[in-house]
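S.K.: Input file: entry.csv. Contents: CSV, N, CA and C atoms.
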```csv
chain,number,residue,atom,x,y,z
A,327,MET,N,5.3,20.9,3.1
A,327,MET,CA,4.2,21.6,2.4
A,327,MET,C,3.5,20.6,1.5
A,328,SER,N,2.2,20.6,1.6
A,328,SER,CA,1.4,19.8,0.7
A,328,SER,C,1.1,20.4,-0.6
A,329,SER,N,0.8,19.5,-1.6
A,329,SER,CA,0.5,20.0,-2.9
A,329,SER,C,-0.9,20.7,-2.9
A,330,PRO,N,-1.1,21.5,-3.9
A,330,PRO,CA,-2.5,22.1,-4.0
A,330,PRO,C,-3.6,21.1,-4.2
A,331,LYS,N,-3.3,20.0,-4.8
A,331,LYS,CA,-4.3,18.9,-5.0
A,331,LYS,C,-4.6,18.2,-3.7
A,332,SER,N,-3.6,18.0,-2.8
A,332,SER,CA,-3.8,17.2,-1.6
A,332,SER,C,-4.4,18.1,-0.5
A,333,LYS,N,-4.2,19.3,-0.5
A,333,LYS,CA,-4.7,20.2,0.6
A,333,LYS,C,-6.2,20.1,0.9
A,334,PRO,N,-7.0,20.2,-0.1
A,334,PRO,CA,-8.5,20.0,0.2
A,334,PRO,C,-8.8,18.6,0.8
A,335,ALA,N,-8.1,17.6,0.3
A,335,ALA,CA,-8.4,16.2,0.9
A,335,ALA,C,-8.0,16.2,2.3
A,336,LEU,N,-6.8,16.8,2.7
A,336,LEU,CA,-6.4,16.8,4.1
A,336,LEU,C,-7.3,17.6,4.9
A,337,GLU,N,-7.8,18.7,4.4
A,337,GLU,CA,-8.7,19.5,5.2
A,337,GLU,C,-10.0,18.8,5.5
A,338,ARG,N,-10.5,18.1,4.5
A,338,ARG,CA,-11.7,17.3,4.6
A,338,ARG,C,-11.5,16.2,5.7
A,339,LEU,N,-10.3,15.5,5.6
A,339,LEU,CA,-10.0,14.5,6.6
A,339,LEU,C,-10.0,15.1,8.0
A,340,GLY,N,-9.4,16.2,8.1
A,340,GLY,CA,-9.4,16.9,9.4
A,340,GLY,C,-10.8,17.2,9.9
A,341,ARG,N,-11.6,17.7,9.0
A,341,ARG,CA,-13.0,18.0,9.4
A,341,ARG,C,-13.7,16.7,9.9
A,342,ASP,N,-13.5,15.7,9.1
A,342,ASP,CA,-14.1,14.4,9.4
A,342,ASP,C,-13.7,13.8,10.8
A,343,ILE,N,-12.4,14.0,11.1
A,343,ILE,CA,-11.9,13.5,12.4
A,343,ILE,C,-12.5,14.4,13.5
A,344,ARG,N,-12.6,15.7,13.3
A,344,ARG,CA,-13.2,16.5,14.3
A,344,ARG,C,-14.6,16.1,14.5
A,345,GLY,N,-15.4,15.9,13.4
A,345,GLY,CA,-16.8,15.5,13.5
A,345,GLY,C,-16.9,14.2,14.3
A,346,ALA,N,-16.0,13.2,14.0
A,346,ALA,CA,-16.1,11.9,14.7
A,346,ALA,C,-15.8,12.1,16.2
A,347,ARG,N,-14.9,13.0,16.5
A,347,ARG,CA,-14.5,13.3,17.9
A,347,ARG,C,-15.7,13.9,18.6
A,348,LEU,N,-16.3,14.9,18.0
A,348,LEU,CA,-17.5,15.6,18.6
A,348,LEU,C,-18.7,14.6,18.7
A,349,ARG,N,-18.9,13.8,17.8
A,349,ARG,CA,-20.0,12.8,17.9
A,349,ARG,C,-19.8,11.9,19.1
A,350,ARG,N,-18.6,11.7,19.4
A,350,ARG,CA,-18.3,10.8,20.6
A,350,ARG,C,-18.2,11.6,21.9
A,351,GLY,N,-18.4,12.9,21.8
A,351,GLY,CA,-18.4,13.7,23.0
A,351,GLY,C,-17.0,13.9,23.6
A,352,MET,N,-16.0,13.8,22.8
A,352,MET,CA,-14.6,13.9,23.4
A,352,MET,C,-14.1,15.3,23.1
A,353,ALA,N,-13.4,15.8,24.2
A,353,ALA,CA,-12.6,17.0,24.0
A,353,ALA,C,-11.3,16.7,23.4
A,354,VAL,N,-10.7,17.7,22.8
A,354,VAL,CA,-9.4,17.5,22.2
A,354,VAL,C,-8.4,17.0,23.2
A,355,ALA,N,-8.4,17.5,24.4
A,355,ALA,CA,-7.4,17.1,25.4
A,355,ALA,C,-7.6,15.6,25.7
A,356,ASP,N,-8.9,15.1,25.8
A,356,ASP,CA,-9.1,13.7,26.1
A,356,ASP,C,-8.6,12.8,25.0
A,357,LEU,N,-8.9,13.2,23.7
A,357,LEU,CA,-8.4,12.4,22.6
A,357,LEU,C,-6.9,12.4,22.6
A,358,ALA,N,-6.3,13.6,22.9
A,358,ALA,CA,-4.8,13.7,22.9
A,358,ALA,C,-4.2,12.7,23.9
A,359,ILE,N,-4.7,12.7,25.0
A,359,ILE,CA,-4.2,11.8,26.1
A,359,ILE,C,-4.3,10.3,25.6
A,360,ARG,N,-5.5,10.0,25.1
A,360,ARG,CA,-5.7,8.6,24.7
A,360,ARG,C,-4.9,8.2,23.5
A,361,ALA,N,-4.6,9.1,22.6
A,361,ALA,CA,-3.9,8.8,21.4
A,361,ALA,C,-2.4,9.0,21.6
A,362,GLY,N,-2.0,9.5,22.7
A,362,GLY,CA,-0.6,9.7,23.0
A,362,GLY,C,0.0,10.9,22.2
A,363,ALA,N,-0.8,11.9,22.0
A,363,ALA,CA,-0.3,13.1,21.2
A,363,ALA,C,-0.6,14.3,22.0
A,364,SER,N,-0.1,15.4,21.6
A,364,SER,CA,-0.4,16.7,22.3
A,364,SER,C,-1.7,17.3,21.7
A,365,PRO,N,-2.4,18.1,22.5
A,365,PRO,CA,-3.6,18.8,22.0
A,365,PRO,C,-3.3,19.7,20.8
A,366,SER,N,-2.1,20.3,20.7
A,366,SER,CA,-1.8,21.1,19.6
A,366,SER,C,-1.6,20.3,18.3
A,367,THR,N,-1.1,19.1,18.4
A,367,THR,CA,-0.9,18.2,17.3
A,367,THR,C,-2.3,17.8,16.8
A,368,LEU,N,-3.2,17.5,17.7
A,368,LEU,CA,-4.6,17.1,17.3
A,368,LEU,C,-5.3,18.3,16.6
A,369,ALA,N,-5.0,19.5,17.1
A,369,ALA,CA,-5.6,20.7,16.5
A,369,ALA,C,-5.1,20.8,15.1
A,370,ARG,N,-3.8,20.6,14.9
A,370,ARG,CA,-3.2,20.7,13.5
A,370,ARG,C,-3.8,19.6,12.6
A,371,LEU,N,-4.0,18.4,13.2
A,371,LEU,CA,-4.6,17.3,12.4
A,371,LEU,C,-6.0,17.6,11.9
A,372,GLU,N,-6.8,18.2,12.8
A,372,GLU,CA,-8.1,18.6,12.5
A,372,GLU,C,-8.2,19.8,11.5
A,373,LYS,N,-7.1,20.5,11.4
A,373,LYS,CA,-7.1,21.6,10.4
A,373,LYS,C,-6.5,21.1,9.1
A,374,GLY,N,-6.1,19.9,9.0
A,374,GLY,CA,-5.6,19.3,7.7
A,374,GLY,C,-4.1,19.6,7.5
A,375,ASP,N,-3.4,19.8,8.5
A,375,ASP,CA,-1.9,20.0,8.4
A,375,ASP,C,-1.2,18.8,7.9
A,376,ALA,N,-0.5,18.9,6.8
A,376,ALA,CA,0.2,17.8,6.2
A,376,ALA,C,1.4,17.3,7.0
A,377,GLY,N,1.9,18.1,8.0
A,377,GLY,CA,3.0,17.8,8.7
A,377,GLY,C,2.8,16.9,9.9
A,378,VAL,N,1.5,16.5,10.1
A,378,VAL,CA,1.2,15.6,11.2
A,378,VAL,C,1.6,14.2,10.8
A,379,ALA,N,2.2,13.5,11.7
A,379,ALA,CA,2.7,12.1,11.3
A,379,ALA,C,1.6,11.2,11.1
A,380,LEU,N,1.8,10.3,10.2
A,380,LEU,CA,0.9,9.2,9.8
A,380,LEU,C,0.6,8.3,11.0
A,381,GLY,N,1.6,8.1,11.9
A,381,GLY,CA,1.4,7.3,13.1
A,381,GLY,C,0.4,8.0,14.0
A,382,THR,N,0.4,9.3,14.1
A,382,THR,CA,-0.5,10.0,15.0
A,382,THR,C,-1.9,9.9,14.4
A,383,LEU,N,-2.1,9.9,13.1
A,383,LEU,CA,-3.4,9.7,12.5
A,383,LEU,C,-3.9,8.3,12.9
A,384,ALA,N,-3.0,7.3,12.7
A,384,ALA,CA,-3.4,6.0,13.1
A,384,ALA,C,-3.8,5.8,14.5
A,385,ASP,N,-3.1,6.4,15.4
A,385,ASP,CA,-3.4,6.4,16.9
A,385,ASP,C,-4.8,7.0,17.1
A,386,VAL,N,-5.0,8.2,16.5
A,386,VAL,CA,-6.3,8.8,16.7
A,386,VAL,C,-7.4,8.0,16.1
A,387,LEU,N,-7.2,7.3,15.0
A,387,LEU,CA,-8.3,6.4,14.4
A,387,LEU,C,-8.5,5.2,15.3
A,388,VAL,N,-7.5,4.7,16.0
A,388,VAL,CA,-7.7,3.6,16.9
A,388,VAL,C,-8.6,4.1,18.1
A,389,VAL,N,-8.3,5.2,18.6
A,389,VAL,CA,-9.1,5.7,19.7
A,389,VAL,C,-10.6,6.0,19.3
A,390,LEU,N,-10.7,6.4,18.1
A,390,LEU,CA,-12.1,6.7,17.6
A,390,LEU,C,-12.8,5.5,17.1
A,391,GLY,N,-12.1,4.3,17.1
A,391,GLY,CA,-12.7,3.1,16.6
A,391,GLY,C,-12.8,3.0,15.1
A,392,LEU,N,-12.0,3.7,14.4
A,392,LEU,CA,-12.1,3.8,12.9
A,392,LEU,C,-10.8,3.3,12.2
A,393,ILE,N,-10.0,2.6,12.9
A,393,ILE,CA,-8.7,2.2,12.3
A,393,ILE,C,-8.9,1.3,11.1
A,394,GLU,N,-9.9,0.5,11.0
A,394,GLU,CA,-10.1,-0.4,9.8
A,394,GLU,C,-10.3,0.5,8.6
A,395,ARG,N,-10.8,1.7,8.7
A,395,ARG,CA,-11.0,2.6,7.5
A,395,ARG,C,-9.6,3.0,6.9
A,396,MET,N,-8.6,3.1,7.8
A,396,MET,CA,-7.3,3.5,7.3
A,396,MET,C,-6.7,2.4,6.3
A,397,ALA,N,-7.0,1.2,6.6
A,397,ALA,CA,-6.5,0.1,5.7
A,397,ALA,C,-7.2,0.1,4.3
A,398,ASP,N,-8.4,0.7,4.3
A,398,ASP,CA,-9.2,0.8,3.1
A,398,ASP,C,-8.8,2.0,2.2
A,399,LEU,N,-7.9,2.8,2.7
A,399,LEU,CA,-7.5,4.0,1.9
A,399,LEU,C,-7.0,3.7,0.5
A,400,ILE,N,-6.1,2.8,0.5
A,400,ILE,CA,-5.5,2.3,-0.8
A,400,ILE,C,-5.7,0.8,-0.9
A,401,ASP,N,-6.9,0.4,-1.2
A,401,ASP,CA,-7.2,-1.0,-1.3
A,401,ASP,C,-6.9,-1.4,-2.8
A,402,ILE,N,-5.8,-2.1,-3.0
A,402,ILE,CA,-5.4,-2.3,-4.4
A,402,ILE,C,-6.4,-3.2,-5.2
A,403,ARG,N,-7.2,-3.9,-4.5
A,403,ARG,CA,-8.3,-4.6,-5.2
A,403,ARG,C,-9.3,-3.7,-5.9
A,404,ASN,N,-9.4,-2.4,-5.4
A,404,ASN,CA,-10.3,-1.5,-6.0
A,404,ASN,C,-9.6,-0.4,-6.8
A,405,ASP,N,-8.3,-0.6,-7.1
A,405,ASP,CA,-7.5,0.3,-7.9
A,405,ASP,C,-7.7,0.1,-9.4
A,406,ASP,N,-8.7,0.7,-9.9
A,406,ASP,CA,-9.1,0.4,-11.3
A,406,ASP,C,-7.9,0.7,-12.3
A,407,LEU,N,-7.3,1.9,-12.1
A,407,LEU,CA,-6.2,2.3,-13.0
A,407,LEU,C,-5.0,1.3,-12.9
A,408,GLY,N,-4.6,1.0,-11.6
A,408,GLY,CA,-3.5,0.0,-11.4
A,408,GLY,C,-3.8,-1.3,-12.0
A,409,LEU,N,-5.0,-1.8,-11.8
A,409,LEU,CA,-5.4,-3.1,-12.4
A,409,LEU,C,-5.4,-3.1,-13.9
A,410,ALA,N,-5.8,-2.0,-14.5
A,410,ALA,CA,-5.8,-1.9,-16.0
A,410,ALA,C,-4.4,-1.9,-16.5
A,411,LEU,N,-3.5,-1.2,-15.8
A,411,LEU,CA,-2.1,-1.1,-16.2
A,411,LEU,C,-1.4,-2.5,-16.1
A,412,VAL,N,-1.7,-3.2,-15.0
A,412,VAL,CA,-1.1,-4.5,-14.9
A,412,VAL,C,-1.6,-5.5,-15.9
A,413,GLY,N,-2.8,-5.4,-16.3
A,413,GLY,CA,-3.4,-6.2,-17.3
A,413,GLY,C,-2.8,-6.0,-18.7
A,414,GLU,N,-2.3,-4.8,-19.0
A,414,GLU,CA,-1.7,-4.4,-20.2
A,414,GLU,C,-0.2,-4.9,-20.3
A,415,GLN,N,0.4,-5.1,-19.2
A,415,GLN,CA,1.8,-5.5,-19.2
A,415,GLN,C,2.0,-6.9,-19.7
A,416,THR,N,3.1,-7.0,-20.5
A,416,THR,CA,3.5,-8.3,-21.0
A,416,THR,C,4.7,-8.8,-20.1
A,417,PRO,N,4.9,-10.1,-20.1
A,417,PRO,CA,6.0,-10.6,-19.3
A,417,PRO,C,7.3,-10.0,-19.8
A,418,LYS,N,8.2,-9.8,-18.9
A,418,LYS,CA,9.5,-9.2,-19.2
A,418,LYS,C,10.5,-10.2,-19.7
A,419,ARG,N,10.3,-11.5,-19.4
A,419,ARG,CA,11.2,-12.5,-19.8
A,419,ARG,C,10.5,-13.8,-19.9
A,420,GLY,N,11.1,-14.7,-20.7
A,420,GLY,CA,10.5,-16.0,-20.8
A,420,GLY,C,11.1,-17.0,-19.8
A,421,ARG,N,10.9,-18.3,-20.0
A,421,ARG,CA,11.5,-19.3,-19.1
A,421,ARG,C,13.0,-19.4,-19.2
A,422,THR,N,13.6,-19.7,-18.1
A,422,THR,CA,15.0,-19.9,-18.1
A,422,THR,C,15.3,-21.3,-18.6
A,423,VAL,N,16.6,-21.5,-19.0
A,423,VAL,CA,17.0,-22.8,-19.5
A,423,VAL,C,16.9,-23.8,-18.3
A,424,GLY,N,17.4,-23.3,-17.2
A,424,GLY,CA,17.3,-24.2,-16.0
A,424,GLY,C,15.9,-24.7,-15.7
A,425,SER,N,15.0,-23.8,-15.8
A,425,SER,CA,13.6,-24.2,-15.4
A,425,SER,C,13.0,-25.2,-16.4
A,426,MET,N,13.4,-25.0,-17.7
A,426,MET,CA,13.0,-26.0,-18.7
A,426,MET,C,13.6,-27.4,-18.5
A,427,HIS,N,14.9,-27.4,-18.1
A,427,HIS,CA,15.5,-28.7,-17.8
A,427,HIS,C,14.9,-29.4,-16.5
A,428,ARG,N,14.6,-28.6,-15.5
A,428,ARG,CA,14.0,-29.1,-14.3
A,428,ARG,C,12.6,-29.7,-14.7
A,429,ARG,N,11.9,-29.0,-15.5
A,429,ARG,CA,10.6,-29.5,-15.9
A,429,ARG,C,10.7,-30.8,-16.7
A,430,LYS,N,11.7,-30.9,-17.6
A,430,LYS,CA,11.9,-32.2,-18.3
A,430,LYS,C,12.2,-33.3,-17.4
A,431,ARG,N,13.1,-33.1,-16.4
A,431,ARG,CA,13.4,-34.1,-15.4
A,431,ARG,C,12.2,-34.5,-14.6
A,432,ALA,N,11.4,-33.6,-14.2
A,432,ALA,CA,10.2,-33.9,-13.4
A,432,ALA,C,9.2,-34.7,-14.1
A,433,THR,N,9.1,-34.5,-15.4
A,433,THR,CA,8.1,-35.3,-16.2
A,433,THR,C,8.7,-36.5,-16.8
A,434,GLY,N,10.1,-36.7,-16.6
A,434,GLY,CA,10.7,-37.9,-17.1
A,434,GLY,C,11.1,-37.9,-18.5
A,435,THR,N,10.9,-36.8,-19.2
A,435,THR,CA,11.3,-36.8,-20.7
A,435,THR,C,12.7,-36.4,-20.9
A,436,GLY,N,13.4,-36.0,-19.9
A,436,GLY,CA,14.8,-35.7,-20.1
A,436,GLY,C,15.7,-36.8,-19.7
A,437,SER,N,17.0,-36.8,-20.1
A,437,SER,CA,17.9,-37.9,-19.8
A,437,SER,C,18.4,-37.6,-18.4
A,438,SER,N,18.9,-38.7,-17.7
A,438,SER,CA,19.4,-38.6,-16.4
A,438,SER,C,20.9,-38.1,-16.4
A,439,VAL,N,21.5,-38.1,-17.5
A,439,VAL,CA,22.9,-37.6,-17.6
A,439,VAL,C,22.9,-36.1,-17.9
A,440,THR,N,23.7,-35.4,-17.1
A,440,THR,CA,23.8,-34.0,-17.2
A,440,THR,C,24.5,-33.7,-18.5
A,441,GLU,N,23.9,-32.9,-19.3
A,441,GLU,CA,24.5,-32.5,-20.6
A,441,GLU,C,24.9,-31.1,-20.6
A,442,ASP,N,26.0,-30.7,-21.4
A,442,ASP,CA,26.3,-29.3,-21.6
A,442,ASP,C,25.3,-28.8,-22.6
A,443,ILE,N,25.0,-27.5,-22.3
A,443,ILE,CA,24.1,-26.9,-23.2
A,443,ILE,C,25.0,-26.0,-24.1
A,444,VAL,N,24.8,-26.1,-25.4
A,444,VAL,CA,25.6,-25.3,-26.3
A,444,VAL,C,24.7,-24.4,-27.1
A,445,ASP,N,25.0,-23.1,-27.2
A,445,ASP,CA,24.2,-22.2,-28.0
A,445,ASP,C,24.7,-22.3,-29.4
A,446,PRO,N,23.9,-21.8,-30.4
A,446,PRO,CA,24.2,-21.9,-31.8
A,446,PRO,C,25.6,-21.3,-32.2
A,447,ASP,N,26.1,-20.4,-31.4
A,447,ASP,CA,27.4,-19.8,-31.7
A,447,ASP,C,28.5,-20.7,-31.2
A,448,GLY,N,28.2,-21.7,-30.5
A,448,GLY,CA,29.3,-22.6,-30.0
A,448,GLY,C,29.8,-22.4,-28.6
A,449,ALA,N,29.2,-21.5,-27.9
A,449,ALA,CA,29.7,-21.2,-26.5
A,449,ALA,C,28.9,-22.1,-25.6
A,450,ALA,N,29.6,-22.9,-24.7
A,450,ALA,CA,29.0,-23.8,-23.8
A,450,ALA,C,28.8,-23.1,-22.4
A,451,PHE,N,27.8,-23.4,-21.7
A,451,PHE,CA,27.5,-22.9,-20.4
A,451,PHE,C,26.8,-23.9,-19.6
```
Let me see the structure of the file written as structure tokens.

M.R.:
Amino acid sequence: MSSPKSKPALERLGRDIRGARLRRGMAVADLAIRAGASPSTLARLEKGDAGVALGTLADVLVVLGLIERMADLIDIRNDDLGLALVGEQTPKRGRTVGSMHRRKRATGTGSSVTEDIVDPDGAAF
């Protein structure tokens, strides 16, 4: 069962699919055969039934020549809220001790002898 907020969007999607099918002069049965689905499934899709599989929707969009539109549904480059939230996040951790030592060796500022690292409490690791 779909939520009350998604129901109108699914119904609009169904109407748009129906409109695209009709503009192409295709009967439900023809679209069903080409998409590999049953006519009753396509009727449910056109009514906005939330129980129709996403794969069926993709197959219908392929037949209608609209599959590229499916990839644009959630284009994260246009997700203003998500981008704002990512921008506010701070790093969860700093550099590791190992990465700092690798960086020193790569720049030649570290010694070539492997040293034990001792923390202020005296524990070696």

S.K.: Assign secondary structure with DSSP using the backbone only, and return the residues of chain A in alpha helix (DSSP H) as a count of residues only.

M.R.: 70

S.K.: Identify which of the residues A:Leu411, A:Ala346, A:Val378, A:Leu371 lies closest to Gly391 (chain A), counting only C-alpha atoms when measuring atom-to-atom distances.

M.R.: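 Smallest distance to Gly391 (chain A) is found for A:Ala346.
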
S.K.: In Å, how far is it from CA of Ile343 (chain A) to CA of Ser329 (chain A)?

M.R.: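 Between CA of Ile343 (chain A) and CA of Ser329 (chain A) the gap is 20.7 Å.
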
S.K.: Excluding Ala355 (chain A) and residues on its chain fewer than 3 positions from it, collect all residues at most 7 Å away from it, counting only N, CA and C atoms, and give them as an MDAnalysis selection string.

M.R.: chainID A and resid 352 358:360 364:365

S.K.: Could you state the separation of CA of Gly374 (chain A) and CA of Pro334 (chain A) in Å, given to one decimal place?

M.R.: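 Taking CA of Gly374 (chain A) as the start and CA of Pro334 (chain A) as the end point, the length is 8.1 Å.
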
S.K.: Residues within 7 Å of (-8.7, 21.0, 10.7), file coordinates, counting all atoms listed in the file: what are they? Give the list as a ChimeraX atom specification.

M.R.: /A:336-337,339-341,369-375

S.K.: Just how far from atom C of Gly408 (chain A) is atom N of Ser332 (chain A), in Å to one decimal?

M.R.: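 So the two atoms, atom N of Ser332 (chain A) and atom C of Gly408 (chain A), lie 21.4 Å apart.
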
S.K.: Please return, as a VMD selection string, all polymer residues that have at least one atom within 6 Å of the point (-5.9, 13.9, 14.7); use only N, CA and C atoms and the file's own coordinate frame.

M.R.: chain A and resid 367 to 368 371 to 372 382 to 383 386
